[in-house]
>>> print(open('run-v4.txt').read())   # compact mmCIF, C-alpha atoms
# COMPACT_ATOMS: atom_id res chain seq x y z
CA MET A 794 107.28 110.99 111.32
CA ARG A 795 105.32 111.80 108.17
CA ALA A 796 107.84 113.72 106.12
CA VAL A 797 108.56 115.30 102.73
CA THR A 798 111.79 116.31 101.07
CA SER A 799 112.99 119.84 101.81
CA LEU A 800 113.28 120.27 98.03
CA PHE A 801 109.51 120.85 97.93
CA VAL A 802 109.80 123.47 100.66
CA ARG A 803 112.50 125.42 98.86
CA LYS A 804 110.61 125.26 95.55
CA ILE A 805 107.30 126.51 96.94
CA VAL A 806 109.00 129.32 98.87
CA ALA A 807 110.85 130.40 95.72
CA ALA A 808 107.60 130.27 93.73
CA ALA A 809 105.96 132.61 96.27
CA GLY A 810 108.26 135.38 95.03
CA SER A 811 109.45 138.58 96.60
CA ASP A 812 106.17 139.37 98.39
CA VAL A 813 107.20 136.99 101.19
CA ASP A 814 110.30 136.85 103.36
CA GLN A 815 111.80 133.74 101.80
CA ALA A 816 114.75 133.46 104.19
CA GLU A 817 112.49 133.72 107.25
CA LEU A 818 110.11 131.09 105.89
CA LEU A 819 112.96 128.64 105.32
CA ARG A 820 114.44 129.26 108.76
CA SER A 821 110.99 128.69 110.31
CA VAL A 822 111.16 125.03 109.25
CA GLY A 823 114.82 124.59 110.17
CA LEU A 824 116.40 125.16 106.76
CA ASP A 825 119.43 127.37 106.12
CA PRO A 826 118.45 129.79 103.32
CA ASP A 827 122.10 130.06 102.22
CA ALA A 828 122.78 126.32 102.08
CA PRO A 829 122.47 124.34 98.83
CA ALA A 830 119.30 122.34 98.34
CA ASP A 831 119.54 118.77 99.62
CA PRO A 832 116.67 116.50 98.51
CA THR A 833 117.61 113.97 101.20
CA ALA A 834 116.95 116.49 103.99
CA MET A 835 113.38 115.94 105.23
CA ILE A 836 110.89 118.03 107.19
CA SER A 837 107.60 116.99 108.74
CA ALA A 838 104.55 117.07 106.50
CA GLU A 839 102.64 119.17 109.06
CA ALA A 840 105.40 121.80 109.09
CA TYR A 841 105.27 121.86 105.29
CA TYR A 842 101.49 122.35 105.25
CA ASP A 843 101.77 125.06 107.94
CA LEU A 844 104.32 126.91 105.83
CA ILE A 845 102.11 126.75 102.72
CA GLU A 846 99.20 128.15 104.72
CA ARG A 847 101.39 130.99 106.04
CA ILE A 848 102.31 131.87 102.47
CA SER A 849 98.63 131.73 101.45
CA ARG A 850 97.79 134.35 104.07
CA GLN A 851 100.33 136.72 102.52
CA ILE A 852 99.70 136.30 98.77
CA ASP A 853 97.04 135.06 96.36
CA ALA A 854 97.97 131.38 96.23
CA THR A 855 95.74 130.39 93.28
CA ALA A 856 98.67 129.94 90.89
CA LEU A 857 101.29 129.12 93.55
CA PRO A 858 101.15 125.32 93.07
CA LEU A 859 101.38 125.76 89.30
CA ARG A 860 104.46 127.98 89.54
CA THR A 861 105.99 125.50 91.97
CA GLY A 862 105.34 122.55 89.68
CA ALA A 863 106.61 124.40 86.62
CA SER A 864 109.95 125.02 88.36
CA MET A 865 110.65 121.32 88.94
CA ARG A 866 113.36 119.60 86.90
CA CYS A 867 114.45 115.98 86.80
CA ASN A 868 117.91 116.84 88.08
CA ASP A 869 116.38 118.29 91.27
CA TYR A 870 115.44 114.76 92.37
CA GLY A 871 118.91 113.23 92.27
CA ALA A 872 119.09 109.58 91.21
CA LEU A 873 115.30 109.32 91.02
CA GLY A 874 115.10 112.25 88.63
CA LEU A 875 117.81 110.77 86.47
CA ALA A 876 115.95 107.46 86.41
CA PHE A 877 112.79 109.33 85.32
CA LYS A 878 114.73 111.10 82.57
CA SER A 879 116.57 108.02 81.32
CA ALA A 880 113.55 105.69 81.20
CA PRO A 881 112.86 104.54 77.61
CA THR A 882 109.25 105.82 77.61
CA LEU A 883 107.03 108.12 79.65
CA ALA A 884 105.24 105.05 80.99
CA GLY A 885 108.59 103.88 82.34
CA SER A 886 109.20 107.30 83.89
CA TYR A 887 105.91 107.34 85.77
CA THR A 888 106.42 103.72 86.83
CA ARG A 889 109.64 104.80 88.53
CA VAL A 890 107.77 107.55 90.37
CA ALA A 891 105.18 105.04 91.60
CA GLY A 892 107.85 102.57 92.67
CA TYR A 893 110.32 104.88 94.39
CA ALA A 894 108.22 107.76 95.76
CA ARG A 895 109.07 106.74 99.32
CA LEU A 896 112.59 108.05 98.76
CA TRP A 897 111.35 111.64 98.94
CA THR A 898 108.03 111.45 100.78
CA SER A 899 106.27 109.24 103.31
CA VAL A 900 102.88 110.89 102.85
CA VAL A 901 102.10 110.15 99.18
CA GLU A 902 101.75 107.01 97.12
CA TYR A 903 101.23 106.89 93.35
CA GLU A 904 99.21 104.51 91.24
CA LEU A 905 99.02 103.88 87.49
CA ARG A 906 95.59 102.59 86.51
CA ALA A 907 94.76 101.72 82.89
CA GLU A 908 91.32 102.66 81.59
CA GLY A 909 90.60 102.02 77.92
CA ASP A 910 92.96 104.07 75.75
CA ASN A 911 94.11 106.13 78.75
CA THR A 912 95.90 105.64 82.05
CA TRP A 913 95.29 107.40 85.33
CA PHE A 914 98.34 108.65 87.23
CA ILE A 915 96.78 108.91 90.69
CA LEU A 916 98.26 110.34 93.86
CA HIS A 917 97.04 109.04 97.22
CA ARG A 918 97.75 111.25 100.23
CA THR A 919 96.41 110.57 103.72
CA GLY A 920 95.49 113.20 106.28
CA THR A 921 93.00 115.97 106.82
CA ARG A 922 92.44 117.85 103.57
CA ARG A 923 93.57 121.18 104.98
CA LEU A 924 94.59 124.05 102.69
CA GLY A 925 98.29 123.19 102.83
CA LEU A 926 97.64 119.61 101.77
CA ARG A 927 95.34 120.69 98.95
CA ILE A 928 97.87 123.14 97.53
CA SER A 929 100.57 120.49 97.88
CA ASN A 930 98.45 118.04 95.86
CA GLU A 931 98.01 120.59 93.08
CA ALA A 932 101.76 121.28 93.06
CA THR A 933 102.46 117.54 92.82
CA LEU A 934 100.23 117.16 89.74
CA ALA A 935 101.83 120.25 88.21
CA SER A 936 105.29 118.78 88.92
CA ALA A 937 104.37 115.47 87.28
CA THR A 938 103.32 117.44 84.20
CA ALA A 939 106.48 119.56 84.15
CA LEU A 940 108.74 116.49 84.33
CA ALA A 941 106.82 114.81 81.51
CA ARG A 942 107.33 117.91 79.37
CA GLU A 943 111.03 117.88 80.13
CA VAL A 944 111.50 114.35 78.76
CA SER A 945 108.98 114.65 75.92
CA PRO A 946 110.45 114.65 72.40
CA THR A 947 108.49 117.86 71.67
CA ASN A 948 108.35 119.40 75.19
CA ARG A 949 104.60 119.78 74.62
CA PHE A 950 103.07 117.11 76.81
CA HIS A 951 99.47 117.71 77.95
CA PRO A 952 97.29 115.37 80.00
CA ARG A 953 93.82 114.68 78.63
CA GLU A 954 92.24 115.73 81.91
CA VAL A 955 93.34 116.77 85.40
CA HIS A 956 91.19 115.74 88.36
CA ILE A 957 91.38 117.35 91.80
CA GLN A 958 89.27 116.37 94.78
CA HIS A 959 88.80 119.69 96.53
CA PRO A 960 86.53 122.56 95.40
CA PRO A 961 87.72 124.93 92.65
CA PRO A 962 89.35 128.33 93.16
CA ALA A 963 87.55 131.49 92.06
CA THR A 964 88.99 131.13 88.56
CA LEU A 965 90.23 128.14 86.57
CA GLN A 966 92.15 130.15 83.97
CA HIS A 967 95.56 129.57 85.57
CA HIS A 968 95.06 125.81 85.86
CA GLU A 969 93.63 125.34 82.38
CA ALA A 970 96.39 127.47 80.83
CA TYR A 971 99.11 125.50 82.63
CA PHE A 972 97.82 121.98 82.03
CA GLY A 973 96.39 122.72 78.57
CA CYS A 974 93.33 120.52 79.17
CA PRO A 975 90.09 120.42 81.17
CA VAL A 976 90.66 120.61 84.94
CA VAL A 977 87.93 118.93 86.99
CA PHE A 978 87.65 120.05 90.61
CA GLY A 979 85.40 118.25 93.10
CA SER A 980 86.44 114.92 91.58
CA ASP A 981 86.75 111.59 93.38
CA ARG A 982 90.53 111.52 92.85
CA ASP A 983 93.68 113.62 92.48
CA ALA A 984 95.09 112.47 89.17
CA LEU A 985 96.25 113.07 85.62
CA LEU A 986 94.45 111.23 82.82
CA ILE A 987 97.07 110.45 80.17
CA ALA A 988 96.61 109.08 76.67
CA GLN A 989 98.25 105.69 76.22
CA THR A 990 99.84 106.95 73.01
CA ASP A 991 101.67 109.64 75.02
CA LEU A 992 102.86 107.11 77.59
CA GLU A 993 104.30 104.93 74.84
CA LYS A 994 106.33 107.72 73.22
CA THR A 995 110.10 107.42 73.43
CA ASN A 996 111.72 109.82 75.87
CA ARG A 997 114.24 112.07 74.15
CA LEU A 998 116.86 111.28 76.82
CA GLY A 999 116.01 107.61 77.34
CA ASP A 1000 118.99 105.32 77.94
CA LYS A 1001 118.48 101.68 78.96
CA GLY A 1002 122.01 101.22 80.24
CA ILE A 1003 121.91 104.27 82.49
CA THR A 1004 118.43 103.53 83.76
CA GLN A 1005 119.35 99.97 84.81
CA PHE A 1006 122.33 101.28 86.77
CA LEU A 1007 120.15 103.90 88.47
CA LEU A 1008 117.42 101.41 89.31
CA ARG A 1009 119.93 99.23 91.15
CA HIS A 1010 120.96 102.30 93.13
CA LEU A 1011 117.35 103.21 93.89
CA ASP A 1012 116.55 99.65 94.96
CA ALA A 1013 119.41 99.83 97.45
CA GLU A 1014 118.16 103.20 98.75
CA LEU A 1015 114.64 101.82 99.11
CA SER A 1016 115.91 98.80 101.01
CA ASN A 1017 117.66 101.13 103.44
CA ILE A 1018 114.46 102.96 104.35
CA ALA A 1019 112.03 100.04 104.10
CA GLY A 1020 112.69 98.85 107.62
CA LYS A 1021 112.62 102.28 109.24
CA LYS A 1022 108.85 102.69 109.32
CA LYS A 1023 106.94 100.40 111.65
CA LEU A 1024 104.68 97.90 109.98
CA SER A 1025 101.74 99.12 112.07
CA ASP A 1026 102.23 102.66 110.73
CA GLN A 1027 102.42 101.35 107.16
CA ALA A 1028 99.22 99.37 107.71
CA LYS A 1029 97.44 102.40 109.18
CA ASP A 1030 98.33 104.43 106.08
CA VAL A 1031 96.77 101.76 103.86
CA ILE A 1032 93.69 101.50 106.07
CA ALA A 1033 93.18 105.27 106.12
CA ARG A 1034 93.22 105.46 102.32
CA ALA A 1035 90.65 102.66 102.07
CA LEU A 1036 88.13 103.79 104.70
CA SER A 1037 86.01 105.97 102.38
CA ASP A 1038 85.06 102.73 100.63
CA GLY A 1039 84.12 101.06 103.92
CA LEU A 1040 86.13 98.97 106.38
CA PRO A 1041 89.00 97.29 104.52
CA LYS A 1042 89.58 93.57 104.73
CA MET A 1043 92.76 92.26 106.27
CA GLU A 1044 93.66 90.36 103.10
CA ASP A 1045 93.42 93.55 101.04
CA VAL A 1046 95.67 95.48 103.41
CA ALA A 1047 98.16 92.60 103.54
CA ARG A 1048 98.28 92.49 99.74
CA ARG A 1049 99.00 96.24 99.55
CA LEU A 1050 101.86 95.72 102.01
CA GLY A 1051 103.25 92.79 100.05
CA LEU A 1052 102.50 90.30 102.84
CA SER A 1053 100.35 87.25 103.39
CA VAL A 1054 97.47 87.53 105.85
CA ARG A 1055 99.30 85.14 108.18
CA SER A 1056 102.47 87.26 108.12
CA LEU A 1057 100.57 90.47 108.76
CA HIS A 1058 98.68 88.86 111.66
CA ARG A 1059 101.87 87.48 113.20
CA ARG A 1060 103.85 90.72 112.88
CA LEU A 1061 101.05 92.80 114.38
CA ALA A 1062 100.72 90.29 117.20
CA ASP A 1063 104.45 90.67 117.90
CA ASP A 1064 103.68 94.33 118.66
CA GLY A 1065 100.66 93.43 120.79
CA LEU A 1066 98.18 94.52 118.11
CA THR A 1067 95.33 92.99 116.15
CA PHE A 1068 94.07 94.13 112.78
CA GLN A 1069 90.76 95.10 114.36
CA THR A 1070 92.35 97.35 117.01
CA LEU A 1071 94.62 98.92 114.39
CA THR A 1072 91.59 99.71 112.22
CA LYS A 1073 89.75 101.32 115.13
CA GLU A 1074 92.85 103.38 116.03
CA THR A 1075 93.06 104.57 112.45
CA GLN A 1076 89.36 105.45 112.36
CA ARG A 1077 89.62 107.44 115.58
CA GLU A 1078 92.78 109.33 114.58
CA LEU A 1079 91.38 110.17 111.16
CA ALA A 1080 88.02 111.21 112.65
CA GLU A 1081 89.67 113.52 115.19
CA GLY A 1082 91.72 115.19 112.46
CA LEU A 1083 88.71 115.67 110.19
CA LEU A 1084 86.52 117.02 113.02
CA ARG A 1085 89.10 119.74 113.68
CA ASP A 1086 88.55 120.93 110.10
CA GLU A 1087 85.28 122.87 109.83
CA ARG A 1088 85.03 122.24 106.08
CA TYR A 1089 83.81 118.70 106.75
CA SER A 1090 80.30 118.09 108.03
CA ILE A 1091 79.93 115.36 110.63
CA SER A 1092 78.15 113.19 108.07
CA GLU A 1093 81.13 113.58 105.72
CA VAL A 1094 83.53 112.65 108.53
CA ALA A 1095 81.43 109.54 109.17
CA PHE A 1096 81.66 108.51 105.51
CA LEU A 1097 85.40 109.19 105.25
CA THR A 1098 86.10 107.05 108.31
CA GLY A 1099 84.23 104.00 107.06
CA PHE A 1100 80.72 104.41 108.46
CA SER A 1101 77.63 104.09 106.27
CA GLU A 1102 75.43 105.95 108.80
CA GLN A 1103 76.16 109.00 110.93
CA SER A 1104 74.33 107.48 113.91
CA SER A 1105 76.76 104.54 113.96
CA PHE A 1106 79.70 106.93 113.76
CA ASN A 1107 78.31 109.05 116.62
CA ARG A 1108 78.04 105.99 118.89
CA ALA A 1109 81.50 104.71 117.99
CA PHE A 1110 83.16 108.10 118.45
CA LYS A 1111 81.55 108.55 121.87
CA ARG A 1112 82.99 105.17 122.91
CA TRP A 1113 86.45 106.25 121.70
CA ALA A 1114 86.58 109.81 122.98
CA GLY A 1115 83.98 109.92 125.73
CA GLU A 1116 82.08 112.71 123.98
CA THR A 1117 80.01 113.19 120.84
CA PRO A 1118 81.63 114.31 117.58
CA ALA A 1119 79.79 117.65 117.81
CA ARG A 1120 81.11 118.33 121.32
CA TYR A 1121 84.62 117.24 120.33
CA ARG A 1122 84.51 119.73 117.43
CA ARG A 1123 83.31 122.56 119.69
CA ASN A 1124 85.98 121.83 122.28
CA ALA A 1125 88.69 121.65 119.62
CA GLN A 1126 87.66 125.05 118.27
CA THR A 1127 87.59 126.75 121.66
CA GLY A 1128 90.71 124.99 122.94
>>> encode(input="run-v4.txt", output="structure tokens")
Amino acid sequence: MRAVTSLFVRKIVAAAGSDVDQAELLRSVGLDPDAPADPTAMISAEAYYDLIERISRQIDATALPLRTGASMRCNDYGALGLAFKSAPTLAGSYTRVAGYARLWTSVVEYELRAEGDNTWFILHRTGTRRLGLRISNEATLASATALAREVSPTNRFHPREVHIQHPPPATLQHHEAYFGCPVVFGSDRDALLIAQTDLEKTNRLGDKGITQFLLRHLDAELSNIAGKKKLSDQAKDVIARALSDGLPKMEDVARRLGLSVRSLHRRLADDGLTFQTLTKETQRELAEGLLRDERYSISEVAFLTGFSEQSSFNRAFKRWAGETPARYRRNAQTG
């Protein structure tokens, strides 16, 4: 199951304020509103996105992800938050996020990518870019900013730029005021652009001894969950993220999974799968999800699922589903 920590649920419900029935919202996803927050308790990603969309129908959600992100504190994340706080530098803090994100979510991966005097802190999230997912992405970037401010020597951290893939809201004033920098919507990535000089600054609570102890603990936690997700599901996640750049090569997917091509081939074969069939399954599942979302044209769905031409996508989808993409979309809307 694709899941996120219930901490995110409680934070976004609290950020929605008194104009929503907070207790009812929490109970709707199986959480006890009177129980203490437990970051290890997980809920499905789809239930989380549904809840966000319910909130968005009741209030103006433009600033909701920013309020949610601003409320995040290192201590909320348990050992991971302490490791973030105790890292010697901000670069070390973000490296811990990238390395241990699977402890609190199975739907997001993080990447640090150097570019000149800056570094991109990029979040990769698979799935249809529905409203709940888009708001969740904004909240994640706002959270990453809030945590950096918490450990900053001056508490005044600002990214150089914030990039968000989906279209902008009616006004950017809330986003620009919160991040303190240009916010670029309609980008090719969801990311913070951070000056290298900021990443190299010493965290005010950095402690090498504590961070080494915590990293050993986190490594043990990660080992416990590593074997719980099937390799085929892990491979499909990697394939789905790569499809907008065309069909991924097996060696590239194997490298992202930390395996050799031979090992990936053998382990898929043990489950009666080939890399080619897994890729086609991923394309079909992603295409079906995107076609159910009216915001994407069929040509955009074709591109996002690895096809350079819509005609090729139409033929492939008809082989998979027995009907054209246009008919599938109509049936999904009326069903």
>>> residues_around(input="run-v4.txt", residues="Ile848 (chain A)", least_positions_apart="2", cutoff="12 Å", atoms="all atoms listed in the file", output="number ranges by chain")
A: 802, 805-815, 817-819, 841-846, 850-855, 857-858, 924-925, 928
>>> atom_distance(input="run-v4.txt", atom1="CA of Arg860 (chain A)", atom2="CA of Thr919 (chain A)")
23.9 Å
>>> residues_around(input="run-v4.txt", residues="Arg1034 (chain A)", least_positions_apart="4", cutoff="10 Å", atoms="all atoms listed in the file", output="PyMOL selection string")
chain A and resi 917-920+1029-1030+1038+1041+1097-1098
>>> residues_around(input="run-v4.txt", residues="Val955 (chain A)", least_positions_apart="6", cutoff="10 Å", atoms="only C-alpha atoms", output="number ranges by chain")
A: 913-914, 931, 934-935, 968-969, 972-978, 980, 982-987
>>> closest_residue(input="run-v4.txt", among="A:Pro960, A:Gly1099, A:Gly892, A:Gly909", to="Ala1080 (chain A)", atoms="all atoms listed in the file")
A:Gly1099
>>> residues_around(input="run-v4.txt", residues="region 1061-1067 of chain A", least_positions_apart="3", cutoff="12 Å", atoms="all atoms listed in the file", output="ChimeraX atom specification")
/A:1023-1029,1043,1047,1052,1054-1058,1070-1074
>>> atom_distance(input="run-v4.txt", atom1="CA of Thr964 (chain A)", atom2="CA of Arg927 (chain A)")
16.0 Å
>>> closest_residue(input="run-v4.txt", among="A:Tyr893, A:Pro1118, A:Ala880, A:Cys867", to="Gln1103 (chain A)", atoms="all atoms listed in the file")
A:Pro1118
>>> residues_around(input="run-v4.txt", residues="Leu1008 (chain A)", least_positions_apart="6", cutoff="9 Å", atoms="all atoms listed in the file", output="ChimeraX atom specification")
/A:872-873,876,889
>>> closest_residue(input="run-v4.txt", among="A:Ala939, A:Ala970, A:Ala988, A:Val1031", to="Arg906 (chain A)", atoms="only C-alpha atoms")
A:Ala988
>>> closest_residue(input="run-v4.txt", among="A:Leu905, A:Ile915, A:Ile957, A:Met865", to="Thr938 (chain A)", atoms="all atoms listed in the file")
A:Met865
>>> atom_distance(input="run-v4.txt", atom1="CA of Thr990 (chain A)", atom2="CA of Val944 (chain A)")
15.0 Å
>>> build_atoms(input="run-v4.txt", residues="region 804-826 of chain A", atoms="N, CA and C atoms", output="PDB file, keeping the file's coordinate frame")
ATOM      1  N   LYS A 804     111.250 124.921  96.827  1.00  0.00           N
ATOM      2  CA  LYS A 804     110.610 125.260  95.550  1.00  0.00           C
ATOM      3  C   LYS A 804     109.362 126.117  95.765  1.00  0.00           C
ATOM      4  N   ILE A 805     108.550 125.763  96.757  1.00  0.00           N
ATOM      5  CA  ILE A 805     107.300 126.510  96.940  1.00  0.00           C
ATOM      6  C   ILE A 805     107.576 127.893  97.526  1.00  0.00           C
ATOM      7  N   VAL A 806     108.610 128.012  98.354  1.00  0.00           N
ATOM      8  CA  VAL A 806     109.000 129.320  98.870  1.00  0.00           C
ATOM      9  C   VAL A 806     109.516 130.207  97.738  1.00  0.00           C
ATOM     10  N   ALA A 807     110.338 129.636  96.864  1.00  0.00           N
ATOM     11  CA  ALA A 807     110.850 130.400  95.720  1.00  0.00           C
ATOM     12  C   ALA A 807     109.704 130.838  94.811  1.00  0.00           C
ATOM     13  N   ALA A 808     108.731 129.956  94.603  1.00  0.00           N
ATOM     14  CA  ALA A 808     107.600 130.270  93.730  1.00  0.00           C
ATOM     15  C   ALA A 808     106.717 131.366  94.309  1.00  0.00           C
ATOM     16  N   ALA A 809     106.760 131.555  95.640  1.00  0.00           N
ATOM     17  CA  ALA A 809     105.960 132.610  96.270  1.00  0.00           C
ATOM     18  C   ALA A 809     106.460 133.990  95.915  1.00  0.00           C
ATOM     19  N   GLY A 810     107.733 134.108  95.512  1.00  0.00           N
ATOM     20  CA  GLY A 810     108.260 135.380  95.030  1.00  0.00           C
ATOM     21  C   GLY A 810     108.689 136.334  96.113  1.00  0.00           C
ATOM     22  N   SER A 811     108.867 137.573  95.714  1.00  0.00           N
ATOM     23  CA  SER A 811     109.450 138.580  96.600  1.00  0.00           C
ATOM     24  C   SER A 811     108.444 139.192  97.572  1.00  0.00           C
ATOM     25  N   ASP A 812     107.179 138.821  97.469  1.00  0.00           N
ATOM     26  CA  ASP A 812     106.170 139.370  98.390  1.00  0.00           C
ATOM     27  C   ASP A 812     106.190 138.670  99.748  1.00  0.00           C
ATOM     28  N   VAL A 813     107.034 137.655  99.899  1.00  0.00           N
ATOM     29  CA  VAL A 813     107.200 136.990 101.190  1.00  0.00           C
ATOM     30  C   VAL A 813     108.663 137.061 101.583  1.00  0.00           C
ATOM     31  N   ASP A 814     108.921 136.895 102.860  1.00  0.00           N
ATOM     32  CA  ASP A 814     110.300 136.850 103.360  1.00  0.00           C
ATOM     33  C   ASP A 814     110.783 135.404 103.218  1.00  0.00           C
ATOM     34  N   GLN A 815     111.429 135.113 102.101  1.00  0.00           N
ATOM     35  CA  GLN A 815     111.800 133.740 101.800  1.00  0.00           C
ATOM     36  C   GLN A 815     112.767 133.176 102.835  1.00  0.00           C
ATOM     37  N   ALA A 816     113.749 133.952 103.231  1.00  0.00           N
ATOM     38  CA  ALA A 816     114.750 133.460 104.190  1.00  0.00           C
ATOM     39  C   ALA A 816     114.082 133.124 105.519  1.00  0.00           C
ATOM     40  N   GLU A 817     113.164 133.976 105.975  1.00  0.00           N
ATOM     41  CA  GLU A 817     112.490 133.720 107.250  1.00  0.00           C
ATOM     42  C   GLU A 817     111.628 132.473 107.174  1.00  0.00           C
ATOM     43  N   LEU A 818     110.946 132.274 106.048  1.00  0.00           N
ATOM     44  CA  LEU A 818     110.110 131.090 105.890  1.00  0.00           C
ATOM     45  C   LEU A 818     110.952 129.816 105.955  1.00  0.00           C
ATOM     46  N   LEU A 819     112.093 129.820 105.291  1.00  0.00           N
ATOM     47  CA  LEU A 819     112.960 128.640 105.320  1.00  0.00           C
ATOM     48  C   LEU A 819     113.506 128.390 106.728  1.00  0.00           C
ATOM     49  N   ARG A 820     113.916 129.436 107.393  1.00  0.00           N
ATOM     50  CA  ARG A 820     114.440 129.260 108.760  1.00  0.00           C
ATOM     51  C   ARG A 820     113.346 128.748 109.691  1.00  0.00           C
ATOM     52  N   SER A 821     112.080 129.108 109.424  1.00  0.00           N
ATOM     53  CA  SER A 821     110.990 128.690 110.310  1.00  0.00           C
ATOM     54  C   SER A 821     110.790 127.185 110.322  1.00  0.00           C
ATOM     55  N   VAL A 822     111.268 126.491 109.282  1.00  0.00           N
ATOM     56  CA  VAL A 822     111.160 125.030 109.250  1.00  0.00           C
ATOM     57  C   VAL A 822     112.528 124.367 109.390  1.00  0.00           C
ATOM     58  N   GLY A 823     113.509 125.152 109.871  1.00  0.00           N
ATOM     59  CA  GLY A 823     114.820 124.590 110.170  1.00  0.00           C
ATOM     60  C   GLY A 823     115.771 124.474 109.006  1.00  0.00           C
ATOM     61  N   LEU A 824     115.517 125.208 107.918  1.00  0.00           N
ATOM     62  CA  LEU A 824     116.400 125.160 106.760  1.00  0.00           C
ATOM     63  C   LEU A 824     117.252 126.418 106.680  1.00  0.00           C
ATOM     64  N   ASP A 825     118.511 126.251 106.308  1.00  0.00           N
ATOM     65  CA  ASP A 825     119.430 127.370 106.120  1.00  0.00           C
ATOM     66  C   ASP A 825     119.195 127.965 104.731  1.00  0.00           C
ATOM     67  N   PRO A 826     118.736 129.220 104.642  1.00  0.00           N
ATOM     68  CA  PRO A 826     118.450 129.790 103.320  1.00  0.00           C
ATOM     69  C   PRO A 826     119.672 129.921 102.429  1.00  0.00           C
TER      70      PRO A 826
END
